[in-house]
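Inspection log for the structure reproduced underneath, given as structure tokens.
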Amino acid sequence: MPLEYALQFRGRFPDPGPWRLPRSTNARLTAPLGISELPTQRVRRSKRRPYIFNVMVVGESGLGKTTFLNTLFNAPLTDVIKPESLTQSKTLEVAPTTYELVEDGVALHLTVIDTPGFGDQLNREKNFEPIIQYIDEQYETYLQAERSQEVRRNIRDTRVHALIYFVPPTGGHGLREMDIDFLQRLCTKVNVVPVIAKADTLTPDEMAIFKKVVLNDFETHDIRIYPTSHAEDRETTTDIERFMPFAVMGSDKFVDIGGKKVRARVYRWGVVEVENEKHNDFVHLRELLIRSNMQDLIETTHAVHYAQYRSSRIRTKGRPESFLACDEFYESRVENAKRNLAEEMQRKEDEMRQMFVQKVREKEAELRERDEQLSLRRQQMADELEGLNRNIKRLELEIEEAVRGGRK
């Protein structure tokens, strides 16, 4: 409801507004209508257009990002390209590459945004700014497309839906200062999914300790990671969150184990399977990114991160808050305000109840004390009256004896 309308009528004539649906009345069907087929129609229609998913990978060189991506999507997406000289790796580049993946008639346009050169700069701003600038540019492009009547019908989504940040396996030392600084800046702009690279370089005990230290760093420095801080579908993420941050590894080689070809790394002491949950958390990460929460990542990007960017851009032009009442977050702001008001009223009610009880107790204590004082005073007066009665009786006896003595 616009602010001017609310102030004018003070809620006497509630306006549902164009962004809210009117209240519905339940009606019982007397025969099958075919409504149950709507999800099937939606699925059939959605298959006609490819899905779009944009993922950015950030981490220092040598952490196995390229191999990990090839393993994650079961396709040779990228090739390992080594710089010809050291000078080529000194400048961070943001390099998006789009691939088309098809499975059972469903097409996915996957854009992988690599960041070669990250961590090679002594100046952190040169590491961070190109990434932040790229994310903001995609938001700005989408915002301008929304304003255009020609492009609005078919906007190509280039916004970053997930940022996979590779944490080097440093044992029990936790996150580095550069990791903390980067994650604090980016966690409010994009869905950050942290992973511990090269899980096969740590023992299970070392990995468990390292995970606890990293999670403690997230909480201490208020680093909001996905899905803990943003996911709406909590039912699908509760079990997966137990493995965060994900300790992963990748491999382009297939090894024959029990007559079955599996991705694995072979060492002198044994074989580490990529898709064996006893060896690392790769299967749980893939479950989160692709099979269970890919759509949620896309929707969260639009409903949370892009909406925040859009609101900030609108406010920079001096538009008052009342003009933003039809934003997607208006309803949530109203609900939050109602909830906060209800909590505040409940808190005040509890305080008033406690204050009333305290005053009643104080009054009861005061009356009890006065009653005790009155009882004590009553007892004193009774004792004094009894003493006076004894004195009177004694004087009466003395008078009687004096009278009898005078008669004699």
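Residues in the structure tokens are named by chain (A, B, ... in the order shown) and by number from 1 within that chain; ligands are numbered from 1 in the order shown.
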Quick one: pick out all alpha helix (DSSP H) residues within range 197-375 of chain A from a backbone DSSP run and write them as a ChimeraX atom specification. /A:204-220,282-286,294-300,307-315,330-375
Report as a VMD selection string all protein, DNA and RNA residues lying within 8 Å of range 242-250 of chain A, evaluated on only C-alpha atoms, omitting residues in the same chain fewer than 6 positions from it. chain A and resid 64 67 to 72 193 to 200 207 211 214 to 215 263 to 264 274 280 to 282 284 to 285
To one decimal place, how far is CA of Gly174 in chain A from CA of Asp217 in chain A in Å?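 Answer for the CA of Gly174 in chain A to CA of Asp217 in chain A separation: 7.1 Å.
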Find the residue from A:Gln354, A:Asn191, A:Ser251, A:Asn391 that sits nearest to Glu299 in chain A; use only C-alpha atoms when measuring.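 Distance minimum relative to Glu299 in chain A lands on A:Asn191.
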Write out as a compact mmCIF listing (two decimals) with N, CA and C atoms, in the first residue's frame each polymer residue whose atoms come within 6 Å of Asp114 in chain A, counting only C-alpha atoms; drop sequence neighbours fewer than 6 positions from it.
# COMPACT_ATOMS: atom_id res chain seq x y z
N VAL A 57 33.93 -19.40 -10.37
CA VAL A 57 34.89 -20.13 -9.53
C VAL A 57 36.04 -19.19 -9.21
N VAL A 94 38.59 -11.88 -15.61
CA VAL A 94 37.30 -12.54 -15.45
C VAL A 94 36.90 -13.07 -16.81
N ALA A 95 36.91 -14.41 -16.95
CA ALA A 95 36.74 -15.03 -18.26
C ALA A 95 35.51 -15.93 -18.26
Per residue of range 265-320 of chain A within 9 Å of range 43-56 of chain A, record the nearest atom pair and its distance in Å to one decimal, counting only C-alpha atoms, with rows in chain order and ascending residue number, as JSON lines.
{"residue": "A:Met294", "atom": "CA", "partner": "A:Phe53", "partner_atom": "CA", "distance": 7.7}
{"residue": "A:Gln295", "atom": "CA", "partner": "A:Phe53", "partner_atom": "CA", "distance": 8.8}
{"residue": "A:Leu297", "atom": "CA", "partner": "A:Phe53", "partner_atom": "CA", "distance": 8.9}
{"residue": "A:Ile298", "atom": "CA", "partner": "A:Phe53", "partner_atom": "CA", "distance": 7.3}
List every residue of range 249-309 of chain A that DSSP, applied to the backbone, labels as strand (DSSP E or B), and write the result as a list in words. Phe254, Val255, Asp256, Ile257, Lys260, Lys261, Val262, Arg263, Ala264, Arg265, Val266, Tyr267, Gly270, Val271, Val272 and Glu273 of chain A
With all heavy atoms retained, export the selected residues as a short mmCIF file (atom, residue, chain, number, x, y, z; two decimals), in the first residue's frame.
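Result file part_33.cif:
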data_model
loop_
_atom_site.label_atom_id
_atom_site.label_comp_id
_atom_site.auth_asym_id
_atom_site.auth_seq_id
_atom_site.Cartn_x
_atom_site.Cartn_y
_atom_site.Cartn_z
N PHE A 254 39.86 -42.06 -15.10
CA PHE A 254 38.95 -43.11 -14.68
C PHE A 254 39.75 -44.35 -14.32
O PHE A 254 40.68 -44.75 -15.03
CB PHE A 254 37.94 -43.44 -15.79
CG PHE A 254 36.93 -42.36 -16.01
CD1 PHE A 254 37.20 -41.29 -16.85
CD2 PHE A 254 35.70 -42.41 -15.37
CE1 PHE A 254 36.26 -40.29 -17.07
CE2 PHE A 254 34.75 -41.41 -15.58
CZ PHE A 254 35.04 -40.35 -16.43
N VAL A 255 39.37 -44.96 -13.20
CA VAL A 255 40.08 -46.14 -12.70
C VAL A 255 39.07 -47.28 -12.59
O VAL A 255 37.92 -47.08 -12.19
CB VAL A 255 40.72 -45.85 -11.32
CG1 VAL A 255 41.42 -47.10 -10.79
CG2 VAL A 255 41.70 -44.69 -11.42
N ASP A 256 39.50 -48.47 -12.94
CA ASP A 256 38.64 -49.64 -12.86
C ASP A 256 38.66 -50.19 -11.43
O ASP A 256 39.69 -50.63 -10.94
CB ASP A 256 39.10 -50.72 -13.84
CG ASP A 256 38.14 -51.90 -13.87
OD1 ASP A 256 38.31 -52.80 -13.03
OD2 ASP A 256 37.21 -51.90 -14.69
N ILE A 257 37.49 -50.10 -10.77
CA ILE A 257 37.35 -50.61 -9.40
C ILE A 257 36.14 -51.53 -9.37
O ILE A 257 35.00 -51.09 -9.55
CB ILE A 257 37.17 -49.46 -8.38
CG1 ILE A 257 38.41 -48.56 -8.39
CG2 ILE A 257 36.92 -50.01 -6.98
CD1 ILE A 257 38.31 -47.39 -7.42
N LYS A 260 34.05 -51.52 -12.55
CA LYS A 260 33.33 -50.29 -12.86
C LYS A 260 34.32 -49.13 -12.97
O LYS A 260 35.21 -48.98 -12.14
CB LYS A 260 32.30 -49.97 -11.77
CG LYS A 260 31.45 -48.76 -12.05
CD LYS A 260 30.44 -48.55 -10.93
CE LYS A 260 29.60 -47.31 -11.19
NZ LYS A 260 28.62 -47.09 -10.08
N LYS A 261 34.15 -48.33 -14.03
CA LYS A 261 35.02 -47.18 -14.24
C LYS A 261 34.54 -46.01 -13.38
O LYS A 261 33.39 -45.57 -13.50
CB LYS A 261 35.02 -46.77 -15.71
CG LYS A 261 35.65 -47.79 -16.65
CD LYS A 261 37.16 -47.85 -16.48
CE LYS A 261 37.80 -48.78 -17.50
NZ LYS A 261 39.27 -48.81 -17.37
N VAL A 262 35.41 -45.51 -12.52
CA VAL A 262 35.06 -44.39 -11.64
C VAL A 262 36.18 -43.36 -11.70
O VAL A 262 37.35 -43.68 -11.95
CB VAL A 262 34.84 -44.85 -10.18
CG1 VAL A 262 33.68 -45.81 -10.08
CG2 VAL A 262 36.11 -45.49 -9.62
N ARG A 263 35.80 -42.11 -11.45
CA ARG A 263 36.79 -41.05 -11.35
C ARG A 263 37.54 -41.20 -10.03
O ARG A 263 36.92 -41.32 -8.97
CB ARG A 263 36.13 -39.67 -11.40
CG ARG A 263 35.54 -39.31 -12.75
CD ARG A 263 34.93 -37.92 -12.71
NE ARG A 263 34.31 -37.54 -13.97
CZ ARG A 263 34.93 -36.88 -14.94
NH1 ARG A 263 36.20 -36.53 -14.79
NH2 ARG A 263 34.30 -36.57 -16.06
N ALA A 264 38.85 -41.18 -10.10
CA ALA A 264 39.64 -41.41 -8.89
C ALA A 264 41.06 -40.90 -9.09
O ALA A 264 41.49 -40.60 -10.22
CB ALA A 264 39.65 -42.89 -8.52
N ARG A 265 41.74 -40.78 -7.98
CA ARG A 265 43.17 -40.46 -7.97
C ARG A 265 43.92 -41.65 -7.36
O ARG A 265 43.52 -42.17 -6.32
CB ARG A 265 43.45 -39.20 -7.17
CG ARG A 265 42.99 -37.92 -7.87
CD ARG A 265 43.37 -36.69 -7.07
NE ARG A 265 43.01 -35.47 -7.76
CZ ARG A 265 43.79 -34.82 -8.61
NH1 ARG A 265 45.00 -35.32 -8.88
NH2 ARG A 265 43.40 -33.71 -9.19
N VAL A 266 44.99 -42.04 -8.04
CA VAL A 266 45.75 -43.22 -7.63
C VAL A 266 47.05 -42.77 -6.97
O VAL A 266 47.79 -41.94 -7.52
CB VAL A 266 46.05 -44.14 -8.83
CG1 VAL A 266 46.82 -45.37 -8.37
CG2 VAL A 266 44.75 -44.55 -9.52
N TYR A 267 47.29 -43.26 -5.77
CA TYR A 267 48.52 -42.99 -5.03
C TYR A 267 49.19 -44.31 -4.70
O TYR A 267 48.60 -45.40 -4.87
CB TYR A 267 48.22 -42.21 -3.75
CG TYR A 267 47.59 -40.85 -3.99
CD1 TYR A 267 46.21 -40.69 -3.94
CD2 TYR A 267 48.37 -39.74 -4.26
CE1 TYR A 267 45.62 -39.46 -4.16
CE2 TYR A 267 47.81 -38.50 -4.47
CZ TYR A 267 46.43 -38.36 -4.43
OH TYR A 267 45.86 -37.13 -4.65
N GLY A 270 47.12 -46.03 -2.07
CA GLY A 270 45.74 -46.43 -2.32
C GLY A 270 45.07 -45.57 -3.37
O GLY A 270 45.73 -44.77 -4.06
N VAL A 271 43.77 -45.72 -3.49
CA VAL A 271 42.96 -45.02 -4.48
C VAL A 271 41.92 -44.16 -3.76
O VAL A 271 41.25 -44.64 -2.83
CB VAL A 271 42.26 -46.00 -5.44
CG1 VAL A 271 41.39 -45.25 -6.44
CG2 VAL A 271 43.29 -46.86 -6.16
N VAL A 272 41.79 -42.90 -4.18
CA VAL A 272 40.79 -42.00 -3.62
C VAL A 272 39.73 -41.76 -4.69
O VAL A 272 40.02 -41.21 -5.75
CB VAL A 272 41.42 -40.66 -3.19
CG1 VAL A 272 40.34 -39.74 -2.59
CG2 VAL A 272 42.54 -40.89 -2.19
N GLU A 273 38.51 -42.20 -4.43
CA GLU A 273 37.41 -42.06 -5.38
C GLU A 273 36.73 -40.70 -5.21
O GLU A 273 36.43 -40.27 -4.09
CB GLU A 273 36.39 -43.18 -5.18
CG GLU A 273 36.95 -44.58 -5.35
CD GLU A 273 35.91 -45.64 -5.07
OE1 GLU A 273 34.72 -45.40 -5.39
OE2 GLU A 273 36.28 -46.70 -4.53
#
Taken to one decimal, the CA of Leu289 in chain A-CA of Gly259 in chain A distance is 29.2 Å
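Residues within 12 Å of Thr188 in chain A, counting only C-alpha atoms and excluding same-chain residues fewer than 2 positions away, are Ile132, Ile135, Asp136, Leu163, Phe182, Leu183, Gln184, Arg185, Leu186, Val190, Asn191, Val192, Asp222, Ile223, Arg224, Ile225, Tyr226, Ser229, His230, Thr300, Thr301, Val304, His305, Tyr306, Ala307, Gln308 and Tyr309 of chain A.
Going from CA of Glu146 in chain A to CA of Arg310 in chain A covers 10.6 Å.
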